[in-house]
Each structure stands twice: as C-alpha cells, then as structure tokens.
file entry39.cif (mmCIF, C-alpha atoms)
data_model
#
loop_
_atom_site.label_atom_id
_atom_site.label_comp_id
_atom_site.auth_asym_id
_atom_site.auth_seq_id
_atom_site.Cartn_x
_atom_site.Cartn_y
_atom_site.Cartn_z
CA MET A 1 185.90 153.37 121.23
CA LYS A 2 184.36 154.03 117.85
CA LEU A 3 187.14 154.47 115.32
CA ARG A 4 186.88 157.51 113.08
CA PHE A 5 189.87 156.80 110.87
CA GLY A 6 190.54 153.08 111.28
CA VAL A 7 194.12 153.77 112.38
CA ILE A 8 196.06 152.89 115.55
CA SER A 9 199.78 153.58 115.75
CA GLY A 10 201.68 150.71 117.38
CA ASP A 11 204.67 152.96 118.13
CA SER A 12 204.58 156.68 118.87
CA HIS A 13 206.55 158.73 121.37
CA VAL A 14 206.46 161.42 123.99
CA ASN A 15 209.20 163.89 124.78
CA GLU A 16 209.54 164.10 128.54
CA PRO A 17 208.71 167.58 129.92
CA PRO A 18 211.72 169.61 131.13
CA ASP A 19 210.62 169.43 134.78
CA LEU A 20 209.65 165.75 134.86
CA TRP A 21 212.47 164.64 137.16
CA THR A 22 213.21 167.92 138.93
CA SER A 23 209.61 168.09 140.10
CA ARG A 24 208.91 164.40 140.77
CA LEU A 25 212.01 162.80 142.27
CA PRO A 26 212.17 162.44 146.06
CA ALA A 27 213.22 165.72 147.65
CA GLY A 28 216.68 164.43 148.57
CA LEU A 29 217.45 163.56 144.93
CA ARG A 30 216.10 166.57 143.05
CA GLU A 31 219.39 168.49 142.99
CA ARG A 32 220.84 165.51 141.05
CA ALA A 33 217.85 165.05 138.76
CA PRO A 34 218.09 165.02 134.95
CA HIS A 35 217.43 168.58 133.85
CA VAL A 36 217.41 170.78 130.76
CA ILE A 37 219.92 173.50 129.86
CA GLU A 38 220.29 175.74 126.81
CA THR A 39 223.34 175.13 124.64
CA ARG A 40 225.42 177.81 122.95
CA SER A 41 223.54 177.13 119.72
CA GLY A 42 220.26 177.88 121.48
CA ALA A 43 219.01 174.27 121.64
CA SER A 44 217.58 172.54 124.67
CA ALA A 45 219.77 169.73 126.03
CA TRP A 46 219.44 167.20 128.83
CA VAL A 47 222.08 166.93 131.54
CA VAL A 48 222.22 163.59 133.38
CA GLU A 49 224.49 162.51 136.22
CA ASP A 50 227.41 160.25 135.18
CA THR A 51 227.08 161.22 131.50
CA GLU A 52 229.74 163.75 130.55
CA ARG A 53 228.13 165.59 127.65
CA PRO A 54 224.69 167.22 127.49
CA MET A 55 222.27 165.58 125.04
CA PRO A 56 220.60 168.14 122.73
CA MET A 57 217.03 167.73 121.60
CA GLY A 58 217.06 166.93 117.90
CA LEU A 59 215.71 164.20 115.66
CA ASN A 60 213.36 162.93 118.36
CA SER A 61 211.42 166.18 118.03
CA VAL A 62 211.60 167.30 114.43
CA HIS A 63 207.97 168.35 114.12
CA TYR A 64 207.39 171.82 115.42
CA TRP A 65 205.76 175.15 114.68
CA TRP A 66 207.94 177.19 112.40
CA GLN A 67 206.22 180.51 112.20
CA LYS A 68 203.15 182.34 113.47
CA GLY A 69 201.87 179.34 115.38
CA LYS A 70 201.29 177.20 112.30
CA TYR A 71 203.05 174.06 111.19
CA ASP A 72 204.77 174.62 107.87
CA ARG A 73 206.06 171.75 105.70
CA SER A 74 207.51 174.00 102.99
CA ASN A 75 211.28 173.82 102.58
CA TYR A 76 211.18 170.90 104.97
CA ARG A 77 214.50 169.43 103.84
CA ASP A 78 216.38 172.63 104.70
CA LYS A 79 214.69 172.87 108.08
CA TYR A 80 215.43 169.22 108.80
CA ALA A 81 219.12 169.88 108.17
CA GLU A 82 218.96 172.86 110.51
CA ILE A 83 217.58 170.68 113.29
CA ARG A 84 220.46 168.24 112.90
CA ILE A 85 223.00 171.05 113.23
CA ARG A 86 221.39 173.35 115.79
CA GLY A 87 218.94 171.14 117.65
CA VAL A 88 215.62 172.48 118.88
CA LYS A 89 214.20 174.21 121.93
CA TYR A 90 211.28 173.01 124.00
CA ASP A 91 209.54 176.27 123.17
CA ASP A 92 209.54 175.26 119.49
CA ILE A 93 208.36 171.66 119.42
CA LEU A 94 204.77 170.52 119.29
CA SER A 95 203.40 170.66 122.82
CA GLY A 96 201.63 167.31 122.41
CA SER A 97 205.04 165.81 123.16
CA TRP A 98 204.21 166.27 126.85
CA ASP A 99 200.73 167.85 127.02
CA PRO A 100 198.03 165.16 126.55
CA LYS A 101 195.31 167.64 125.63
CA ALA A 102 197.45 169.00 122.81
CA ARG A 103 198.41 165.45 121.84
CA LEU A 104 194.80 164.52 121.16
CA VAL A 105 194.51 167.46 118.77
CA GLU A 106 197.70 166.39 117.00
CA LEU A 107 196.35 162.84 116.73
CA ASP A 108 193.24 164.18 115.01
CA GLU A 109 195.38 166.21 112.61
CA ASP A 110 197.29 163.02 111.74
CA HIS A 111 194.04 161.01 111.27
CA VAL A 112 195.08 158.55 114.00
CA ASP A 113 192.53 157.14 116.44
CA ALA A 114 194.90 155.89 119.15
CA GLU A 115 198.57 155.20 119.75
CA VAL A 116 200.96 153.20 121.91
CA LEU A 117 203.36 155.63 123.57
CA TYR A 118 207.06 154.94 124.11
CA ASN A 119 209.45 157.23 125.96
CA GLY A 120 211.52 159.94 124.35
CA ALA A 121 214.36 157.47 123.69
CA GLY A 122 217.29 159.89 123.44
CA ILE A 123 217.80 160.46 127.17
CA TRP A 124 217.33 156.89 128.36
CA PRO A 125 220.80 155.44 127.73
CA ALA A 126 222.08 158.20 130.03
CA ILE A 127 219.47 157.47 132.69
CA LYS A 128 220.45 153.80 132.60
CA ASN A 129 224.07 154.89 133.09
CA ILE A 130 223.34 156.62 136.41
CA HIS A 131 225.57 154.77 138.87
CA ASP A 132 223.58 155.34 142.02
CA ARG A 133 220.87 152.69 142.22
CA GLU A 134 218.42 154.86 144.17
CA LEU A 135 218.64 157.72 141.68
CA ASN A 136 218.50 155.36 138.70
CA LEU A 137 215.39 153.57 139.97
CA SER A 138 213.71 156.80 141.06
CA CYS A 139 214.01 158.17 137.50
CA PHE A 140 212.09 155.15 136.18
CA ARG A 141 209.43 155.51 138.85
CA ALA A 142 208.97 159.23 138.23
CA TYR A 143 208.55 158.61 134.50
CA ASN A 144 205.89 155.98 135.13
CA ASP A 145 204.01 158.35 137.44
CA TRP A 146 204.02 160.94 134.68
CA ILE A 147 203.07 158.67 131.75
CA SER A 148 200.17 157.21 133.74
CA GLU A 149 198.83 160.75 134.21
CA PHE A 150 199.35 161.45 130.51
CA GLU A 151 197.39 158.33 129.57
CA SER A 152 194.57 159.17 131.96
CA GLU A 153 193.59 162.16 129.82
CA ASP A 154 191.99 159.70 127.36
CA PRO A 155 192.79 156.02 128.05
CA GLU A 156 190.88 154.93 124.94
CA ARG A 157 193.33 156.80 122.70
CA LEU A 158 196.57 157.05 124.69
CA VAL A 159 198.31 153.80 125.71
CA GLY A 160 201.29 154.54 127.93
CA ASN A 161 204.18 152.10 128.29
CA ALA A 162 205.47 151.50 131.79
CA ALA A 163 209.29 151.68 131.76
CA VAL A 164 210.80 148.59 133.42
CA PRO A 165 213.81 149.43 135.64
CA VAL A 166 217.25 148.00 134.86
CA THR A 167 218.31 147.73 138.52
CA GLY A 168 217.46 144.05 138.99
CA ILE A 169 214.60 141.59 138.85
CA ASP A 170 213.11 142.56 142.22
CA ASP A 171 212.92 146.23 141.20
CA ALA A 172 211.46 145.24 137.82
CA LEU A 173 208.70 143.23 139.49
CA ASP A 174 207.99 145.85 142.14
CA GLU A 175 207.61 148.54 139.50
CA LEU A 176 205.46 146.30 137.30
CA HIS A 177 203.09 145.84 140.23
CA ARG A 178 203.10 149.52 141.12
CA ALA A 179 202.68 150.89 137.59
CA CYS A 180 200.30 148.33 136.18
CA ASP A 181 198.34 147.11 139.19
CA GLY A 182 198.45 150.38 141.11
CA MET A 183 198.27 152.98 138.33
CA GLY A 184 196.52 151.06 135.59
CA LEU A 185 199.15 151.09 132.84
CA ARG A 186 198.33 148.27 130.41
CA THR A 187 201.69 147.49 128.86
CA CYS A 188 205.41 147.85 129.52
CA THR A 189 208.63 148.32 127.63
CA LEU A 190 211.98 146.73 128.45
CA GLU A 191 215.21 148.72 128.57
CA SER A 192 217.14 145.50 129.31
CA TYR A 193 216.21 141.94 130.13
CA PRO A 194 214.04 142.02 133.28
CA SER A 195 217.01 140.87 135.38
CA GLY A 196 218.94 144.02 134.39
CA ARG A 197 221.23 142.25 131.92
CA TYR A 198 221.80 143.70 128.45
CA THR A 199 223.60 140.91 126.63
CA GLN A 200 221.95 137.64 127.63
CA PRO A 201 218.79 136.35 129.32
CA SER A 202 218.77 135.15 132.91
CA PRO A 203 216.74 132.39 134.61
CA ASP A 204 215.49 135.16 136.91
CA ASP A 205 213.63 136.65 133.95
CA ASP A 206 211.04 133.87 134.25
CA ARG A 207 209.64 135.55 137.35
CA PHE A 208 208.83 138.58 135.20
CA TRP A 209 207.44 136.62 132.25
CA ALA A 210 205.12 134.75 134.63
CA GLU A 211 203.73 138.00 136.00
CA VAL A 212 203.01 139.59 132.62
CA VAL A 213 201.41 136.39 131.28
CA GLU A 214 199.14 136.24 134.31
CA ARG A 215 198.03 139.80 133.53
CA GLU A 216 197.68 139.09 129.77
CA MET A 217 200.03 142.01 129.24
CA THR A 218 202.03 142.60 126.07
CA VAL A 219 205.77 143.22 126.59
CA ASN A 220 207.61 145.58 124.24
CA MET A 221 211.15 146.51 123.34
CA HIS A 222 211.89 149.56 121.22
CA VAL A 223 214.45 148.78 118.48
CA THR A 224 217.18 147.65 120.89
CA PHE A 225 218.32 147.50 124.47
CA SER A 226 220.27 150.72 124.04
CA PHE A 227 223.43 150.33 126.08
CA PRO A 228 224.31 152.80 128.86
CA THR A 229 226.28 155.79 127.62
CA GLY A 230 229.20 155.16 129.98
CA GLY A 231 230.93 152.62 127.73
CA LEU A 232 230.53 148.95 126.91
CA PRO A 233 227.28 147.39 128.10
CA ARG A 234 227.40 146.13 131.65
CA GLU A 235 225.06 144.13 133.85
CA VAL A 236 224.64 147.28 135.84
CA PHE A 237 223.27 146.29 139.22
CA SER A 238 222.79 142.52 139.35
CA ASP A 239 224.57 139.77 137.46
CA PRO A 240 224.59 136.39 139.20
CA GLN A 241 227.46 135.15 137.03
CA ALA A 242 229.60 138.13 137.95
CA GLY A 243 228.55 138.02 141.59
CA ALA A 244 227.40 141.64 141.79
CA SER A 245 224.63 142.31 144.29
CA GLN A 246 221.41 144.14 143.51
CA GLY A 247 222.11 146.56 146.30
CA ALA A 248 225.37 147.79 144.80
CA THR A 249 225.71 151.54 144.36
CA LYS A 250 228.10 151.31 141.40
CA PRO A 251 227.86 149.23 138.22
CA GLY A 252 229.03 145.66 138.64
CA ALA A 253 231.41 144.44 135.94
CA THR A 254 230.41 141.54 133.77
CA GLN A 255 232.72 138.57 133.41
CA ALA A 256 236.02 139.59 131.89
CA SER A 257 235.44 137.33 128.90
CA THR A 258 232.26 139.17 127.89
CA VAL A 259 232.59 140.94 124.57
CA ALA A 260 229.63 143.17 123.78
CA SER A 261 228.48 144.85 120.59
CA ALA A 262 225.43 146.73 119.42
CA THR A 263 223.95 143.51 118.05
CA ASP A 264 223.79 141.97 121.53
CA GLY A 265 220.84 144.16 122.40
CA SER A 266 219.10 144.21 119.02
CA PHE A 267 215.56 142.94 118.65
CA ALA A 268 216.72 140.07 116.42
CA THR A 269 219.30 138.91 118.96
CA VAL A 270 217.00 139.33 121.95
CA PHE A 271 214.14 137.44 120.34
CA GLY A 272 216.47 134.68 119.16
CA SER A 273 217.97 134.36 122.65
CA MET A 274 214.52 134.16 124.20
CA VAL A 275 213.54 131.42 121.75
CA LEU A 276 216.68 129.34 122.27
CA SER A 277 216.50 129.66 126.06
CA GLY A 278 212.98 128.20 125.95
CA VAL A 279 211.07 131.28 127.11
CA PHE A 280 208.21 130.70 124.68
CA ASP A 281 208.00 126.99 125.53
CA ARG A 282 207.63 127.84 129.21
CA PHE A 283 205.30 130.80 128.51
CA PRO A 284 203.41 129.91 125.31
CA THR A 285 200.99 132.85 125.58
CA LEU A 286 203.64 135.55 126.14
CA GLN A 287 203.23 138.32 123.56
CA PHE A 288 206.42 140.19 122.65
CA VAL A 289 206.62 143.29 120.41
CA GLY A 290 209.66 144.65 118.59
CA ALA A 291 208.84 148.31 117.95
CA GLU A 292 210.32 150.24 115.03
CA THR A 293 212.08 147.24 113.56
CA ASN A 294 210.48 147.47 110.12
CA CYS A 295 209.75 144.15 108.45
CA ALA A 296 211.21 143.56 104.97
CA TRP A 297 214.18 141.70 106.51
CA ILE A 298 212.10 139.32 108.62
CA PRO A 299 211.33 136.50 106.12
CA SER A 300 215.02 135.95 105.37
CA TRP A 301 215.90 136.19 109.07
CA LEU A 302 213.27 133.59 109.99
CA GLN A 303 214.59 131.28 107.28
CA ASP A 304 218.11 131.61 108.69
CA LEU A 305 216.91 131.05 112.28
CA ASP A 306 215.16 127.83 111.32
CA ALA A 307 218.12 126.59 109.30
CA ALA A 308 220.59 127.32 112.10
CA TYR A 309 218.40 125.60 114.67
CA LEU A 310 217.92 122.47 112.55
CA ARG A 311 221.62 122.24 111.78
CA TYR A 312 223.09 122.95 115.22
CA HIS A 313 220.57 122.37 118.00
CA HIS A 314 221.74 118.82 118.80
CA ARG A 315 225.34 119.98 119.09
CA HIS A 316 224.35 122.61 121.62
CA GLY A 317 221.83 120.51 123.51
CA VAL A 318 218.84 122.66 122.59
CA GLN A 319 215.49 121.01 121.94
CA LEU A 320 212.50 123.22 121.21
CA GLU A 321 208.86 122.32 120.76
CA LEU A 322 208.53 124.46 117.61
CA LEU A 323 210.75 125.99 114.96
CA PRO A 324 211.95 129.55 115.70
CA SER A 325 209.76 130.92 112.90
CA GLU A 326 206.73 129.30 114.49
CA TYR A 327 207.39 131.06 117.78
CA TYR A 328 207.69 134.31 115.86
CA ARG A 329 204.28 133.87 114.26
CA ARG A 330 202.67 132.78 117.53
CA ASN A 331 204.35 135.06 120.07
CA CYS A 332 205.88 138.02 118.29
CA HIS A 333 204.73 141.20 116.58
CA ILE A 334 206.65 144.09 115.08
CA THR A 335 205.91 147.67 114.07
CA PHE A 336 206.99 149.39 110.88
CA ILE A 337 206.79 152.99 109.69
CA VAL A 338 207.44 152.99 105.94
CA ASP A 339 208.28 149.56 104.53
CA GLN A 340 206.60 148.86 101.21
CA VAL A 341 208.71 145.76 100.52
CA GLY A 342 207.73 144.35 103.89
CA VAL A 343 204.02 144.93 103.33
CA ASP A 344 204.31 143.43 99.84
CA ASN A 345 205.73 140.26 101.44
CA ARG A 346 203.40 140.23 104.45
CA HIS A 347 202.35 136.59 103.97
CA LEU A 348 205.94 135.37 104.38
CA MET A 349 205.93 136.52 108.01
CA GLY A 350 202.21 136.56 108.81
CA VAL A 351 199.89 139.54 108.31
CA GLU A 352 198.76 139.19 111.93
CA THR A 353 202.32 139.93 113.14
CA LEU A 354 202.51 143.39 111.54
CA MET A 355 201.47 146.73 113.04
CA TRP A 356 201.76 150.07 111.33
CA SER A 357 203.19 152.95 113.36
CA SER A 358 203.70 156.67 112.93
CA ASP A 359 206.84 157.21 115.09
CA PHE A 360 205.42 160.69 115.81
CA PRO A 361 207.04 163.06 116.76
CA HIS A 362 210.38 161.44 115.86
CA SER A 363 212.19 161.82 112.56
CA GLY A 364 210.59 158.72 111.05
CA SER A 365 207.18 160.38 111.19
CA HIS A 366 205.52 162.20 108.31
CA TRP A 367 202.99 164.05 110.46
CA PRO A 368 200.37 165.19 109.61
CA ILE A 369 200.02 162.65 106.76
CA ASP A 370 201.23 159.51 108.54
CA ALA A 371 197.97 157.59 108.32
CA GLU A 372 197.49 158.34 104.64
CA LEU A 373 200.95 156.97 103.86
CA GLY A 374 200.25 153.83 105.89
CA ALA A 375 197.00 153.17 104.10
CA GLU A 376 198.65 153.86 100.74
CA MET A 377 201.27 151.16 101.41
CA CYS A 378 198.46 148.68 101.99
CA ARG A 379 196.71 149.73 98.80
CA ARG A 380 199.89 149.40 96.73
CA ALA A 381 200.50 145.95 98.18
CA GLY A 382 197.02 144.81 97.18
CA CYS A 383 195.93 144.16 100.77
CA THR A 384 192.37 143.00 101.24
CA PRO A 385 190.16 145.17 103.49
CA GLY A 386 190.64 142.59 106.24
CA GLU A 387 194.44 142.68 105.88
CA THR A 388 194.45 146.48 105.93
CA GLU A 389 192.37 146.52 109.10
CA ARG A 390 194.67 143.95 110.67
CA ILE A 391 197.81 145.99 109.89
CA MET A 392 196.42 149.47 110.49
CA TRP A 393 194.55 148.90 113.75
CA ARG A 394 193.12 145.51 114.66
CA THR A 395 196.26 143.74 115.92
CA ALA A 396 197.21 146.75 118.06
CA ALA A 397 193.70 146.94 119.48
CA GLU A 398 193.82 143.27 120.46
CA LEU A 399 197.33 143.31 121.94
CA TYR A 400 196.68 146.38 124.09
CA HIS A 401 193.10 145.50 125.04
CA LEU A 402 191.42 148.47 123.38
CA ASP A 403 187.64 148.23 123.19
CA VAL A 404 187.06 148.99 119.51
CA GLU A 405 183.80 148.69 117.64
CA ALA A 406 183.97 145.98 114.97
CA ASP A 407 182.27 148.10 112.29
CA ALA A 408 185.13 150.59 112.21
CA PRO A 409 186.19 151.95 108.81
CA VAL A 410 188.98 150.17 106.94
CA ALA A 411 191.49 153.02 107.07
CA VAL A 412 191.65 156.80 106.71
CA GLY A 413 188.98 158.19 104.45
#
call {"tool": "encode", "arguments": {"input": "entry39.cif", "output": "structure tokens"}}
result
Amino acid sequence: MKLRFGVISGDSHVNEPPDLWTSRLPAGLRERAPHVIETRSGASAWVVEDTERPMPMGLNSVHYWWQKGKYDRSNYRDKYAEIRIRGVKYDDILSGSWDPKARLVELDEDHVDAEVLYNGAGIWPAIKNIHDRELNLSCFRAYNDWISEFESEDPERLVGNAAVPVTGIDDALDELHRACDGMGLRTCTLESYPSGRYTQPSPDDDRFWAEVVEREMTVNMHVTFSFPTGGLPREVFSDPQAGASQGATKPGATQASTVASATDGSFATVFGSMVLSGVFDRFPTLQFVGAETNCAWIPSWLQDLDAAYLRYHHRHGVQLELLPSEYYRRNCHITFIVDQVGVDNRHLMGVETLMWSSDFPHSGSHWPIDAELGAEMCRRAGCTPGETERIMWRTAAELYHLDVEADAPVAVG
C-alpha cells in the first residue's frame, strides 16, 4: 500500500449493523438474538437477553449527518449534549459504521490511510452476560463472520479484530483458528483472559499465547475487560479454581472470597498480572496492545511497577528475567487519541511503543480533522520526522503486517 497521508489509526471502531445477529445466528437462536428497538425518545437501542434495560446508541456514534446529507460541525457542543440526552438513530449516524464502502470514503475525508477496527464496545458487556453458552458463543462467531467480510472490502486499509469468546479456552482457540486461519483476520481482541476469566490469568491461557505467537499475531485489549452487565465480574463459563465446567449453561460463581472492582480488568492490571505470572518470559515475542489507554501516565506507572517488583518479589517468590518496564518496552504498545503530555514525554516510555489513533466514530474522535490533530501533537512535541512516522503509522504497519511503501510521507500534508 502506498500511503497518501502517512497516517494509520491504531484504534478505530465499527457500530454493528442492526441485523447482524438476527440475520447471522443459527436459525434456532435468531428469536433470542440481540436486536434493535426504538426508544420513546426516538433513539435506537440494543436489546440483549439477560440484560434488563435496553442500551441506547449514543457516544459511540456521535458523528452523523445533521442536515441535508452533509456533516455539520457548527454548534457541535449543543448537538453533543443532545446526543447524550436523546441518543441517536441508525438512520442518522455515518453509514461507514457498518458499510465498508462508505467507511473508505470517511477514511479519506479524515486523511487516514488505514485503521485497526475494534467492535462497537457499548453492547459487548451485555453479550458477555448472556447466560446460555451456545447463544453467547454464537454472538461472537457471527460478529467475526461479519467483520471479516467488512475487512475484505479493502484489506490494505481495513484491519478487523477477531473477537475472542469468553466461554472458555477451548472456545477461544477454536474461534482463533476459525477466524484467523479460516477467514484471514490478522489480529484479535480479548474481552477477558483467554480462559474466560476477568480478574486473574490462568495457566490455561498459555495455550492461547502459544498459538498467537506461532502466527506472529498481535493481541489487543480495548481499555479494559469490561465486566458483564449482570453484576460483579464472574468467571462466566470455566474457572478451574471454582470448579465450574466449560459446558455449563449458566454462569459459574467465582470463589466466595473473590472481591472484584473495575481495576481488576484494566489494562494496567492485566499487563502487570501477565508480567508477574511470567507470560512474557515464556513467550518473549508476544506483542500485546492496550488500545485507548492514552500514555501520559505510563512513565510514572512503569517506575512504580519496577519499584514494587524490586522491593517485594522475593517475599512473593517471583523471579523475572527482566524488570516490568523492560517487558513493557519489548512486548507492549498502546494507543492514544489526544495526549500532548504523553507525546512530549515519549522517550520515557519508548517512542516505538506509541500509536496514534482516531477513535472514530466514537466520542473521542474529532473527525474529519483527526489526522491533522495527531500530526500537530507531534509537531508541538518537537518529534523528528522519524519519530512522527513511528507514532503516526510505522509501528501500526509493523504490528499488523501491513505492506507499506517505505517512502511514504511523514504525516498529513
């Protein structure tokens, strides 16, 4: 691919089409499929089995045509507030959310050459809360069928993430093989640890890490392992410590002593747990991405990780080959949207670990001027041309195996 703008977004999104699950689930499950209704306020909302309240479309689709078929940024603050109160309808939002042909046009308007595509985010905690294993797993499979078709419109520019099921390690591996070996998806995103746990790694995860390393595939998590909407996080279908079987049809409870909080599934906690459990010693080439984490906080966090390890590792019987910060620089990458302080301090975490992202069409995006803002951050930080290329496209191209010509422009015009 010859870059026109010198920009690849490391984290963008789709919004799943209203008929994704009603049209793609096995015939016997379609009456129970996630589906869209219209709320009293006129917004579109998802209804998902085992989640009591509908989930309106809102901040994950803030960019839409306001009048006469043309995007209008005037009075944007007032319109943004309206979205938060009323929500939006599928008829209003930019059709590139689910139509790949339209998406390519919207990419051009944003001066972005290619993007890594994550799911719509808002509906997925509810999907993970579906109690019936067959329905839960089928929703993941249907999404992967759809995103592979979306990507096939232009694989050089659209990089779809396979969604890894949360119904146990065997299902995770089966779907990895099906989606990536069978359908050609090049990367995957975790909604839990591969074993299906949300709060702690499992030795079973090593089976998954081995498979992705063999394929030289980057593994991603988006912000956090968002917990199922049904209450406190649970090891939904398989937890060896709790004795629940993978074939269970209802969520298995974790041990009674487990106390869970939002931090248990955060990128910082997940990465730290993977380091301390020796994942990156056993799999030194595993590449792990934290999407939409931003980066200004990372130097201080790495300092604290190293200090805690040096002070306490003997007490806890942990012996690593490297310091936690060294694993971060070797094995980890993050994406940021707008983070001038982070870019200013890029050398404290490693320029090669940073990837710019647009977050389009979510509320963090500034479409259609995302790329200009990204390049401006680099200019303000005094980045060299090589550093700007690294942040704005080169690291993403390498991680996701995009064939990009080396003489590409530095960034946007």
call {"tool": "atom_distance", "arguments": {"input": "entry39.cif", "atom1": "CA of Met221 in chain A", "atom2": "CA of Ser365 in chain A"}}
result
18.9 Å
call {"tool": "resolve_selection", "arguments": {"input": "entry39.cif", "expression": "the PyMOL selection byres ((chain A and resi 189) around 6)", "output": "ChimeraX atom specification"}}
result
/A:161,163,188,190,219-221
call {"tool": "residues_around", "arguments": {"input": "entry39.cif", "residues": "Tyr309 in chain A", "least_positions_apart": "4", "cutoff": "9 Å", "atoms": "all atoms listed in the file", "output": "count of residues only"}}
result
8
call {"tool": "resolve_selection", "arguments": {"input": "entry39.cif", "expression": "the PyMOL selection byres ((chain A and resi 400) around 12)", "output": "ChimeraX atom specification"}}
result
/A:8-11,114-117,155-161,185-188,215-220,287-289,393-399,401-404
call {"tool": "write_last_selection", "arguments": {"input": "entry39.cif", "atoms": "C-alpha atoms", "output": "PDB file, in the frame of the given file"}}
result
ATOM      1  CA  ILE A   8     196.060 152.890 115.550  1.00  0.00           C
ATOM      2  CA  SER A   9     199.780 153.580 115.750  1.00  0.00           C
ATOM      3  CA  GLY A  10     201.680 150.710 117.380  1.00  0.00           C
ATOM      4  CA  ASP A  11     204.670 152.960 118.130  1.00  0.00           C
ATOM      5  CA  ALA A 114     194.900 155.890 119.150  1.00  0.00           C
ATOM      6  CA  GLU A 115     198.570 155.200 119.750  1.00  0.00           C
ATOM      7  CA  VAL A 116     200.960 153.200 121.910  1.00  0.00           C
ATOM      8  CA  LEU A 117     203.360 155.630 123.570  1.00  0.00           C
ATOM      9  CA  PRO A 155     192.790 156.020 128.050  1.00  0.00           C
ATOM     10  CA  GLU A 156     190.880 154.930 124.940  1.00  0.00           C
ATOM     11  CA  ARG A 157     193.330 156.800 122.700  1.00  0.00           C
ATOM     12  CA  LEU A 158     196.570 157.050 124.690  1.00  0.00           C
ATOM     13  CA  VAL A 159     198.310 153.800 125.710  1.00  0.00           C
ATOM     14  CA  GLY A 160     201.290 154.540 127.930  1.00  0.00           C
ATOM     15  CA  ASN A 161     204.180 152.100 128.290  1.00  0.00           C
ATOM     16  CA  LEU A 185     199.150 151.090 132.840  1.00  0.00           C
ATOM     17  CA  ARG A 186     198.330 148.270 130.410  1.00  0.00           C
ATOM     18  CA  THR A 187     201.690 147.490 128.860  1.00  0.00           C
ATOM     19  CA  CYS A 188     205.410 147.850 129.520  1.00  0.00           C
ATOM     20  CA  ARG A 215     198.030 139.800 133.530  1.00  0.00           C
ATOM     21  CA  GLU A 216     197.680 139.090 129.770  1.00  0.00           C
ATOM     22  CA  MET A 217     200.030 142.010 129.240  1.00  0.00           C
ATOM     23  CA  THR A 218     202.030 142.600 126.070  1.00  0.00           C
ATOM     24  CA  VAL A 219     205.770 143.220 126.590  1.00  0.00           C
ATOM     25  CA  ASN A 220     207.610 145.580 124.240  1.00  0.00           C
ATOM     26  CA  GLN A 287     203.230 138.320 123.560  1.00  0.00           C
ATOM     27  CA  PHE A 288     206.420 140.190 122.650  1.00  0.00           C
ATOM     28  CA  VAL A 289     206.620 143.290 120.410  1.00  0.00           C
ATOM     29  CA  TRP A 393     194.550 148.900 113.750  1.00  0.00           C
ATOM     30  CA  ARG A 394     193.120 145.510 114.660  1.00  0.00           C
ATOM     31  CA  THR A 395     196.260 143.740 115.920  1.00  0.00           C
ATOM     32  CA  ALA A 396     197.210 146.750 118.060  1.00  0.00           C
ATOM     33  CA  ALA A 397     193.700 146.940 119.480  1.00  0.00           C
ATOM     34  CA  GLU A 398     193.820 143.270 120.460  1.00  0.00           C
ATOM     35  CA  LEU A 399     197.330 143.310 121.940  1.00  0.00           C
ATOM     36  CA  HIS A 401     193.100 145.500 125.040  1.00  0.00           C
ATOM     37  CA  LEU A 402     191.420 148.470 123.380  1.00  0.00           C
ATOM     38  CA  ASP A 403     187.640 148.230 123.190  1.00  0.00           C
ATOM     39  CA  VAL A 404     187.060 148.990 119.510  1.00  0.00           C
TER      40      VAL A 404
END
call {"tool": "atom_distance", "arguments": {"input": "entry39.cif", "atom1": "CA of Gly342 in chain A", "atom2": "CA of Leu286 in chain A"}}
result
24.3 Å
call {"tool": "decode", "arguments": {"input": "entry39.cif", "residues": "range 122-137 of chain A", "atoms": "C-alpha atoms", "output": "PDB file, in the first residue's frame"}}
result
ATOM      1  CA  GLY A 122     -21.247  -0.471  24.104  1.00  0.00           C
ATOM      2  CA  ILE A 123     -23.159  -3.699  23.514  1.00  0.00           C
ATOM      3  CA  TRP A 124     -20.421  -6.164  24.407  1.00  0.00           C
ATOM      4  CA  PRO A 125     -20.730  -6.243  28.215  1.00  0.00           C
ATOM      5  CA  ALA A 126     -24.330  -7.344  27.631  1.00  0.00           C
ATOM      6  CA  ILE A 127     -23.333 -10.001  25.108  1.00  0.00           C
ATOM      7  CA  LYS A 128     -20.805 -11.359  27.587  1.00  0.00           C
ATOM      8  CA  ASN A 129     -23.603 -11.500  30.177  1.00  0.00           C
ATOM      9  CA  ILE A 130     -25.735 -13.873  28.067  1.00  0.00           C
ATOM     10  CA  HIS A 131     -26.109 -16.921  30.314  1.00  0.00           C
ATOM     11  CA  ASP A 132     -26.625 -19.543  27.653  1.00  0.00           C
ATOM     12  CA  ARG A 133     -23.233 -20.674  26.404  1.00  0.00           C
ATOM     13  CA  GLU A 134     -24.429 -21.558  22.906  1.00  0.00           C
ATOM     14  CA  LEU A 135     -26.052 -18.166  22.363  1.00  0.00           C
ATOM     15  CA  ASN A 136     -23.100 -16.326  23.910  1.00  0.00           C
ATOM     16  CA  LEU A 137     -20.557 -18.092  21.708  1.00  0.00           C
TER      17      LEU A 137
END
